[in-house]
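Trainee: If you scroll down you'll find the structure; I have some questions about it.
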Amino acid sequence: MKTIALSETHISLGAKMVSFAGYNMPVSYEGVNIEHETVRKAVGVFDVSHMGEFLIEGPKALDLIQKVTSNDASKLVIGKAQYSCFPNETGGIVDDLIVYKIKEETYLLVVNASNIEKDWNHISKYNEAIGATMKDLSDEYSLLAIQGPKAVDAMQSLSSVNLSDIKFYNFVVGDFAGIEHVIISATGYTGSGGFEIYCKNSEVKQVWDKVLEAGANFGIKPIGLAARDTLRLEMGYCLYGNDIDDTTSPLEAGLGWVTKFTKDFVNSEALAKEKEEGVKRKLIAFQIEEKGIPRNGYVILNEEGDEIGKVTSGTMSPSLSKGIGLGYVTKENSKVDSSIYIQIRKNQVPATIVKLPFYKS
C-alpha cells in the first residue's frame with residue numbers, strides 16, 4: 001500500500017486510516033457528520049494527495065488532449081481549468097479529470113487515484129501517433145483541498161494573491177504558506193467553495209501546518225474522505241467506479257455538457273450517434289421519503305414493482321437528514337418528480353426522483 005507525504009501527521013491527529021485506491025488515507029477524524037457540517041458552515045482541509053497529476057507539454061500537447069478528452073480544451077486560456085472525461089472505445093468512460101492550462105503548450109491533467117496507471121496507458125497509446133511530451137508527476141506532488149464558505153477569509157493571510165479574485169474553475173500560480181509557485185485553484189468536490197492547493201511533497205507539511213494555524217480562528221478542522229463522499233453526493237457529483245465507469249456513457253451520466261462534438265475525439269462518432277438516437281438509460285437523483293439509507297447496488301423499482309435500475313451511490317445526507325442517492329434507470333422511468341421504490345433489504349422504500357443538487361446553499 002502506498003503512503004502519502006502526510007500519512008504520519010494524520011495518524012498523530014487521530015485519523016482513522018483506510019486503504020483507498022491503493023493508498024493509506026484518512027477516512028475520518030471526529031466523525032462524518034461533524035466534519036461534513038464543518039465544511040458546509042465554516043472551513044475544512046482535506047488531504048487528497050492520492051490524486052494523479054500528468055504534465056502534457058510541447059507543440060502537440062493540445063492535439064493529444066483534444067484527442068483523448070471529451071471537452072473542448074482549445075477554449076482554455078492560461079489560468080483556466082476545465083472538467084472533462086476520457087471516453088473509451090466502447091462507449092464508456094476511462095476516467096473523469098480536470099485539465100489545467102498552465103502556460104502555452106503546457107497542461108496539467110488531474111486524474112483519479114484508482115486510475116493513474118490505466119489513464120497513463122490510455123493516453124500513451126494515443127500519444128504514439130501524436131508525439132506530445134508526457135510526465136507522470138503523481139508521486140512527486142501533494143494536493144490539499146481547503147473547502148467551505150470561510151475558506152477565502154481564513155486563507156488570505158497566507159498569500160499575496162487576492163484569493164477572492166480567483167473565480168470558480170480558475171487558478172493562479174503564486175505564493176502560499178511561505179512557498180513560491182504553488183497552484184491555488186478555485187476548484188473542489190464539495191459545493192461549498194474554497195481552493196485546491198498543489199505543491200511538492202517536500203513542501204506539503206509546511207503548507208498543512210500553516211493552513212491549520214491560519215484557519216484556527218475560523219473553526220478549521222481536518223476532514224476525511226468519508227465526509228468528502230457525503231459532500232460530493234449532496235451536490236450530485238459523479239464518483240468514478242460508482243456513478244461512472246468503463247460501461248457508462250457520458251451522455252447517460254448527464255455529462256453531455258462536457259462532451260463537445262465540435263472536434264474529433266476517441267469514440268466521438270459513436271457518441272454522436274448515441275446523442276442523435278437518444279440514450280436508453282439515465283443517471284437520476286432521488287431522495288428517500290421514509291426511513292432508509294440507499295446503498296450502491298440496491299435495486300430501483302417503478303410504482304408497479306418492476307425493476308428499472310440500480311443505485312450507484314447512496315447515503316444519509318447530513319445536511320438534509322434523509323436518504324439520498326444516484327442511480328441508473330430506464331429513460332422512460334427517469335422523469336423528475338416520479339415516484340419510485342428502493343429495495344432496502346426486504347422493504348420496498350418509497351422515493352422521489354429529484355433535480356440536482358440535493359443541497360442548496
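The chains in the C-alpha cells are called A, B, ... from first to last as shown; in each chain the residues are counted from 1, and the ligands are counted from 1 in the order shown.
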Hey, what's within 10 Å of Val311 (chain A) if we count only C-alpha atoms and toss same-chain stuff fewer than 4 positions away? As number ranges by chain, please?

Mentor: A: 242-243, 283-286, 294-300, 325-329, 342-343

Trainee: How close does region 17-105 of chain A get to region 146-160 of chain A? List, as JSON lines, each residue of region 17-105 of chain A within 12 Å, its nearest atom pair and the distance in Å to one decimal, counting only C-alpha atoms.

Mentor:
```
{"residue": "A:Glu35", "atom": "CA", "partner": "A:Gly148", "partner_atom": "CA", "distance": 11.0}
{"residue": "A:His36", "atom": "CA", "partner": "A:Gly148", "partner_atom": "CA", "distance": 9.9}
{"residue": "A:Glu37", "atom": "CA", "partner": "A:Gly148", "partner_atom": "CA", "distance": 9.6}
{"residue": "A:Thr38", "atom": "CA", "partner": "A:Gly148", "partner_atom": "CA", "distance": 7.7}
{"residue": "A:Val39", "atom": "CA", "partner": "A:Gly148", "partner_atom": "CA", "distance": 4.6}
{"residue": "A:Arg40", "atom": "CA", "partner": "A:Gly148", "partner_atom": "CA", "distance": 5.7}
{"residue": "A:Lys41", "atom": "CA", "partner": "A:Pro149", "partner_atom": "CA", "distance": 6.5}
{"residue": "A:Ala42", "atom": "CA", "partner": "A:Lys150", "partner_atom": "CA", "distance": 5.2}
{"residue": "A:Val43", "atom": "CA", "partner": "A:Gly148", "partner_atom": "CA", "distance": 4.3}
{"residue": "A:Gly44", "atom": "CA", "partner": "A:Gln147", "partner_atom": "CA", "distance": 5.5}
{"residue": "A:Val45", "atom": "CA", "partner": "A:Ile146", "partner_atom": "CA", "distance": 4.4}
{"residue": "A:Phe46", "atom": "CA", "partner": "A:Ile146", "partner_atom": "CA", "distance": 6.5}
{"residue": "A:Asp47", "atom": "CA", "partner": "A:Ile146", "partner_atom": "CA", "distance": 9.0}
{"residue": "A:Val48", "atom": "CA", "partner": "A:Ile146", "partner_atom": "CA", "distance": 10.4}
```

Trainee: Based on DSSP run over this structure's backbone, return all residues of region 127-189 of chain A in strand (DSSP E), as JSON, numbers by chain.

Mentor: {"A": [133, 134, 135, 136, 141, 142, 143, 144, 145, 146, 147, 171, 172, 173, 174, 175, 176, 179, 180, 181, 182, 183, 184, 185]}

Trainee: Print the selection's residues with C-alpha atoms to a file, as a PDB file, in the first residue's frame.

Mentor:
```pdb
ATOM      1  CA  THR A 133       5.806  15.203 -24.094  1.00  0.00           C
ATOM      2  CA  MET A 134       4.244  13.372 -21.117  1.00  0.00           C
ATOM      3  CA  LYS A 135       5.417  13.308 -17.494  1.00  0.00           C
ATOM      4  CA  ASP A 136       3.764  11.484 -14.603  1.00  0.00           C
ATOM      5  CA  TYR A 141       3.086  16.227  -5.737  1.00  0.00           C
ATOM      6  CA  SER A 142       0.630  16.627  -2.880  1.00  0.00           C
ATOM      7  CA  LEU A 143      -2.861  18.110  -3.029  1.00  0.00           C
ATOM      8  CA  LEU A 144      -4.783  19.790  -0.213  1.00  0.00           C
ATOM      9  CA  ALA A 145      -8.422  20.860  -0.604  1.00  0.00           C
ATOM     10  CA  ILE A 146      -9.412  23.788   1.644  1.00  0.00           C
ATOM     11  CA  GLN A 147     -13.193  23.887   1.390  1.00  0.00           C
ATOM     12  CA  PHE A 171      -6.342  29.166 -10.795  1.00  0.00           C
ATOM     13  CA  VAL A 172      -3.207  31.173 -10.038  1.00  0.00           C
ATOM     14  CA  VAL A 173       0.395  30.032  -9.696  1.00  0.00           C
ATOM     15  CA  GLY A 174       1.573  32.102  -6.745  1.00  0.00           C
ATOM     16  CA  ASP A 175       2.895  32.154  -3.185  1.00  0.00           C
ATOM     17  CA  PHE A 176       1.014  30.296  -0.455  1.00  0.00           C
ATOM     18  CA  ILE A 179       6.058  28.519  -0.585  1.00  0.00           C
ATOM     19  CA  GLU A 180       6.533  30.051  -4.049  1.00  0.00           C
ATOM     20  CA  HIS A 181       4.989  28.660  -7.254  1.00  0.00           C
ATOM     21  CA  VAL A 182       2.034  26.845  -5.688  1.00  0.00           C
ATOM     22  CA  ILE A 183      -1.090  26.194  -7.772  1.00  0.00           C
ATOM     23  CA  ILE A 184      -4.043  27.832  -5.996  1.00  0.00           C
ATOM     24  CA  SER A 185      -7.131  26.529  -7.772  1.00  0.00           C
TER      25      SER A 185
END
```

Trainee: Go ahead and compute the interatomic distance for CA of Lys355 (chain A) and CA of Val110 (chain A), in Å to one decimal.

Mentor: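 Between these atoms lies a distance of 28.1 Å.
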
Trainee: Could you pull out the residues in region 82-303 of chain A that DSSP calls helix (DSSP H, G or I) from the backbone, as a count of residues only?

Mentor: 65

Trainee: To one decimal place, how far is CA of Ser74 (chain A) from CA of Leu62 (chain A) in Å?

Mentor: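 Taking CA of Ser74 (chain A) as the start and CA of Leu62 (chain A) as the end point, the length is 7.2 Å.
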
Trainee: Can you work out which one of A:Thr3, A:Thr69, A:Ser319, A:Ser202 has the shortest atom-to-atom distance to Lys260 (chain A), counting only C-alpha atoms?

Mentor: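 Nearest to Lys260 (chain A): A:Thr69.
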
Trainee: Find the residues around Gln82 (chain A) up to 7 Å (only C-alpha atoms counted), leave out those fewer than 4 positions away in its own chain, and share them as a list of chain:residue names.

Mentor: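 Selected residues are A:Ile98, A:Val99, A:Tyr100, A:Tyr169.
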
Trainee: Would you please work out which residue, of A:Glu289, A:Asp95, A:Glu332, A:Glu128, is nearest to Ser114 (chain A) when using only C-alpha atoms?

Mentor: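 Smallest separation from Ser114 (chain A) among the options: A:Asp95.
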
Trainee: With only C-alpha atoms as the basis for distance, which of A:Met51, A:Cys85, A:Ile353, A:Val32 is at the shortest distance from Leu231 (chain A)?

Mentor: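 Smallest separation from Leu231 (chain A) among the options: A:Val32.
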
Trainee: Between A:Gly305, A:Gly58, A:Gly14, A:Gly323, which one has atoms that come closest to Gln348 (chain A), using only C-alpha atoms?

Mentor: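 For Gln348 (chain A), the nearest of the given residues is A:Gly305.
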
Trainee: Measuring between only C-alpha atoms, which one of A:Gly178, A:Gly52, A:Pro250, A:Gly219 shows the shortest distance to Ser84 (chain A)?

Mentor: A:Pro250
